[in-house]
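*Asks:* This structure is in structure tokens; I'll ask about it shortly.
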Amino acid sequence: MKALVLKDFYVLWKQMRVVILILVLMSVVGGIFNSVFVVVWCALLPFTAMAYDERSHWDQLAAMMPYSKRDIVLSKYVLGWLCMAAATLISAVLQVAAFKFTHEAPTLSALAMSFLGGLIALDLTLPTVFRFGVERGRWGFMIIVFGVAILGGAVAGIADELPSVPMPALALLPLAAVAATAVSIPLSMKLYRVN
């Protein structure tokens, strides 16, 4: 599975290095929206990798190689997790460093919530794309992404009011992310098919 994740990183880096650089810079400038956007956008990188795979018929080649369906499915989840974790960490470090110059408080709680929201978005959309492919699964994908974006805006609004939000309510988001992942991975393995 490590080789599959590395393949996706190489493809994404080659195709999108300028976009990734712009998004990293966006995480420093412009406050909470840009930071949340960068993390959620990184949740979508597995779909970009899957689109490149479909275009080059990699899924058919992978079916002839000694990769199990489990390895192929998990590699996309791991790619999403790593990209979101990297975006969250880079945004947090850059915001803390920029605080010395801008005196704008880092939005670390919003970053953590956007990371969890990105996990949920990934968990909701990957099974659809594994079943129908990137091209045909895009409508379900777009509906889910817009729903998560609306929810993400609500979560970002809550992040500003963190002291007044009861702690049990905040604990529900990580639990929802874990539950969604626990359901999504087996569902994706069941729905995966070579297109």
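Here, A, B, ... name the chains of the structure tokens in the order displayed, residue numbers run from 1 inside each chain, and ligands are numbered from 1 in the same displayed order.
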Would you mind listing what lies within 12 Å of Arg136 (chain A) as a count of residues only, with only C-alpha atoms counted and same-chain residues fewer than 6 positions away left out?

*Replies:* 7

*Asks:* Among the residues of chain A, find those DSSP assigns to alpha helix (DSSP H) from the backbone and print them as an MDAnalysis selection string.

*Replies:* chainID A and resid 2:26 32:43 45:55 58:64 69:102 108:136 138:159 167:191

*Asks:* Distance CA of Leu122 (chain A)-CA of Met50 (chain A), one decimal place?

*Replies:*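 CA of Leu122 (chain A) sits 13.1 Å away from CA of Met50 (chain A).
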
*Asks:* Please indicate the distance in Å from CA of Leu116 (chain A) to CA of Ala176 (chain A), rounded to one decimal place.

*Replies:*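 Atom-to-atom, CA of Leu116 (chain A) to CA of Ala176 (chain A), that is 8.6 Å.
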
*Asks:* I'd like the contact shell of Val183 (chain A) - 10 Å cut-off, only C-alpha atoms, skipping same-chain residues fewer than 6 positions apart - returned as a PDB file with all heavy atoms, in the first residue's frame.

*Replies:*
```pdb
ATOM      1  N   ASP A 123     -15.082  10.563   3.925  1.00  0.00           N
ATOM      2  CA  ASP A 123     -15.813   9.333   4.217  1.00  0.00           C
ATOM      3  C   ASP A 123     -17.160   9.272   3.507  1.00  0.00           C
ATOM      4  O   ASP A 123     -17.623   8.189   3.142  1.00  0.00           O
ATOM      5  CB  ASP A 123     -16.031   9.195   5.731  1.00  0.00           C
ATOM      6  CG  ASP A 123     -14.727   8.994   6.480  1.00  0.00           C
ATOM      7  OD1 ASP A 123     -13.769   8.478   5.878  1.00  0.00           O
ATOM      8  OD2 ASP A 123     -14.662   9.359   7.671  1.00  0.00           O
ATOM      9  N   LEU A 124     -17.790  10.414   3.307  1.00  0.00           N
ATOM     10  CA  LEU A 124     -19.094  10.431   2.645  1.00  0.00           C
ATOM     11  C   LEU A 124     -18.979  10.303   1.127  1.00  0.00           C
ATOM     12  O   LEU A 124     -19.870   9.750   0.485  1.00  0.00           O
ATOM     13  CB  LEU A 124     -19.843  11.718   2.993  1.00  0.00           C
ATOM     14  CG  LEU A 124     -20.308  11.869   4.437  1.00  0.00           C
ATOM     15  CD1 LEU A 124     -20.907  13.245   4.658  1.00  0.00           C
ATOM     16  CD2 LEU A 124     -21.310  10.784   4.794  1.00  0.00           C
ATOM     17  N   PRO A 127     -16.982   6.392  -1.101  1.00  0.00           N
ATOM     18  CA  PRO A 127     -17.730   5.212  -1.572  1.00  0.00           C
ATOM     19  C   PRO A 127     -18.461   5.439  -2.893  1.00  0.00           C
ATOM     20  O   PRO A 127     -18.475   4.564  -3.770  1.00  0.00           O
ATOM     21  CB  PRO A 127     -18.724   4.942  -0.428  1.00  0.00           C
ATOM     22  CG  PRO A 127     -18.054   5.496   0.784  1.00  0.00           C
ATOM     23  CD  PRO A 127     -17.317   6.716   0.290  1.00  0.00           C
TER      24      PRO A 127
END
```

*Asks:* Need to verify the contact set: Leu45 (chain A), 8 Å, only C-alpha atoms, exclusion of same-chain residues closer than 5 positions in sequence. Can you return it as JSON, numbers by chain?

*Replies:* {"A": [12, 79, 80, 83]}

*Asks:* Write the residues of the preceding selection, restricted to all heavy atoms, as a compact mmCIF listing (two decimals), in the first residue's frame.

*Replies:*
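Listing of result_37.txt after writing:
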```txt
# COMPACT_ATOMS: atom_id res chain seq x y z
N LEU A 12 0.39 13.67 -8.04
CA LEU A 12 -0.20 14.94 -7.60
C LEU A 12 0.84 16.05 -7.55
O LEU A 12 0.56 17.19 -7.94
CB LEU A 12 -0.87 14.78 -6.23
CG LEU A 12 -2.14 13.94 -6.22
CD1 LEU A 12 -2.61 13.73 -4.80
CD2 LEU A 12 -3.23 14.60 -7.05
N LEU A 79 -4.02 8.59 1.57
CA LEU A 79 -3.62 9.79 0.85
C LEU A 79 -4.38 11.01 1.35
O LEU A 79 -3.79 12.06 1.62
CB LEU A 79 -3.84 9.60 -0.66
CG LEU A 79 -3.54 10.81 -1.53
CD1 LEU A 79 -2.05 11.12 -1.54
CD2 LEU A 79 -4.06 10.58 -2.95
N GLY A 80 -5.68 10.88 1.49
CA GLY A 80 -6.49 11.99 1.99
C GLY A 80 -6.12 12.37 3.41
O GLY A 80 -5.99 13.56 3.73
N CYS A 83 -2.67 14.16 3.35
CA CYS A 83 -2.75 15.50 2.76
C CYS A 83 -3.44 16.48 3.71
O CYS A 83 -2.97 17.61 3.90
CB CYS A 83 -3.50 15.46 1.43
SG CYS A 83 -2.59 14.65 0.11
```

*Asks:* Please report the interatomic distance between CA of Leu126 (chain A) and CA of Pro66 (chain A) in Å with one decimal.

*Replies:*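 Atom-to-atom, CA of Leu126 (chain A) and CA of Pro66 (chain A) are spaced 22.5 Å apart.
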
*Asks:* Show me, as a VMD selection string, the residues that have an atom within 12 Å of Ile143 (chain A) when counting only C-alpha atoms, minus same-chain residues fewer than 4 positions from it.

*Replies:* chain A and resid 121 124 to 125 128 137 to 139 147 to 150

*Asks:* For Arg55 (chain A), list every protein, DNA or RNA residue within 12 Å, evaluated using only C-alpha atoms, and leave out those in the same chain fewer than 6 positions away; present the list as an mmCIF file with N, CA, C and O atoms, in the first residue's frame.

*Replies:*
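What follows is the written file around27.cif:
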```cif
data_model
loop_
_atom_site.group_PDB
_atom_site.id
_atom_site.type_symbol
_atom_site.label_atom_id
_atom_site.label_comp_id
_atom_site.auth_asym_id
_atom_site.auth_seq_id
_atom_site.Cartn_x
_atom_site.Cartn_y
_atom_site.Cartn_z
ATOM 1 N N THR A 48 -8.725 13.692 -7.206
ATOM 2 C CA THR A 48 -7.857 14.095 -8.307
ATOM 3 C C THR A 48 -6.958 12.937 -8.709
ATOM 4 O O THR A 48 -6.781 12.651 -9.900
ATOM 5 N N ALA A 49 -6.402 12.249 -7.720
ATOM 6 C CA ALA A 49 -5.559 11.081 -8.012
ATOM 7 C C ALA A 49 -6.366 9.997 -8.715
ATOM 8 O O ALA A 49 -5.880 9.362 -9.657
ATOM 9 N N GLY A 133 -17.057 5.695 -10.278
ATOM 10 C CA GLY A 133 -15.939 6.357 -10.943
ATOM 11 C C GLY A 133 -16.026 7.848 -10.748
ATOM 12 O O GLY A 133 -17.059 8.389 -10.352
ATOM 13 N N VAL A 134 -14.943 8.530 -11.037
ATOM 14 C CA VAL A 134 -14.879 9.968 -10.794
ATOM 15 C C VAL A 134 -15.848 10.711 -11.703
ATOM 16 O O VAL A 134 -16.562 11.610 -11.260
ATOM 17 N N GLU A 135 -15.890 10.355 -12.955
ATOM 18 C CA GLU A 135 -16.719 11.085 -13.910
ATOM 19 C C GLU A 135 -18.206 10.950 -13.603
ATOM 20 O O GLU A 135 -18.929 11.933 -13.538
ATOM 21 N N ASN A 195 -13.185 0.426 -13.376
ATOM 22 C CA ASN A 195 -13.975 1.098 -14.417
ATOM 23 C C ASN A 195 -13.339 0.970 -15.770
ATOM 24 O O ASN A 195 -12.179 0.913 -15.918
#
```

*Asks:* With only C-alpha atoms as the basis for distance, which of A:Thr181, A:Ser68, A:Ser114, A:Gln60 is at the shortest distance from Ala85 (chain A)?

*Replies:* A:Ser114

*Asks:* Can you check which parts of region 24-133 of chain A lie within 12 Å of region 14-20 of chain A? Per residue, the shortest pair of atoms and distance in Å to one decimal, counting only C-alpha atoms, sorted by chain and number, as JSON lines.

*Replies:*
```
{"residue": "A:Val24", "atom": "CA", "partner": "A:Ile20", "partner_atom": "CA", "distance": 6.2}
{"residue": "A:Leu25", "atom": "CA", "partner": "A:Ile20", "partner_atom": "CA", "distance": 8.7}
{"residue": "A:Met26", "atom": "CA", "partner": "A:Ile20", "partner_atom": "CA", "distance": 9.7}
{"residue": "A:Ser27", "atom": "CA", "partner": "A:Ile20", "partner_atom": "CA", "distance": 10.8}
{"residue": "A:Val38", "atom": "CA", "partner": "A:Ile20", "partner_atom": "CA", "distance": 9.0}
{"residue": "A:Val39", "atom": "CA", "partner": "A:Ile20", "partner_atom": "CA", "distance": 11.2}
{"residue": "A:Trp41", "atom": "CA", "partner": "A:Ile20", "partner_atom": "CA", "distance": 9.9}
{"residue": "A:Cys42", "atom": "CA", "partner": "A:Ile20", "partner_atom": "CA", "distance": 9.1}
{"residue": "A:Leu45", "atom": "CA", "partner": "A:Met16", "partner_atom": "CA", "distance": 10.0}
{"residue": "A:Thr48", "atom": "CA", "partner": "A:Met16", "partner_atom": "CA", "distance": 9.9}
{"residue": "A:Ala49", "atom": "CA", "partner": "A:Gln15", "partner_atom": "CA", "distance": 10.0}
{"residue": "A:Tyr52", "atom": "CA", "partner": "A:Gln15", "partner_atom": "CA", "distance": 9.8}
{"residue": "A:Cys83", "atom": "CA", "partner": "A:Ile20", "partner_atom": "CA", "distance": 10.5}
{"residue": "A:Ala86", "atom": "CA", "partner": "A:Ile20", "partner_atom": "CA", "distance": 11.4}
{"residue": "A:Ala87", "atom": "CA", "partner": "A:Ile20", "partner_atom": "CA", "distance": 9.6}
{"residue": "A:Ile90", "atom": "CA", "partner": "A:Ile20", "partner_atom": "CA", "distance": 11.6}
```
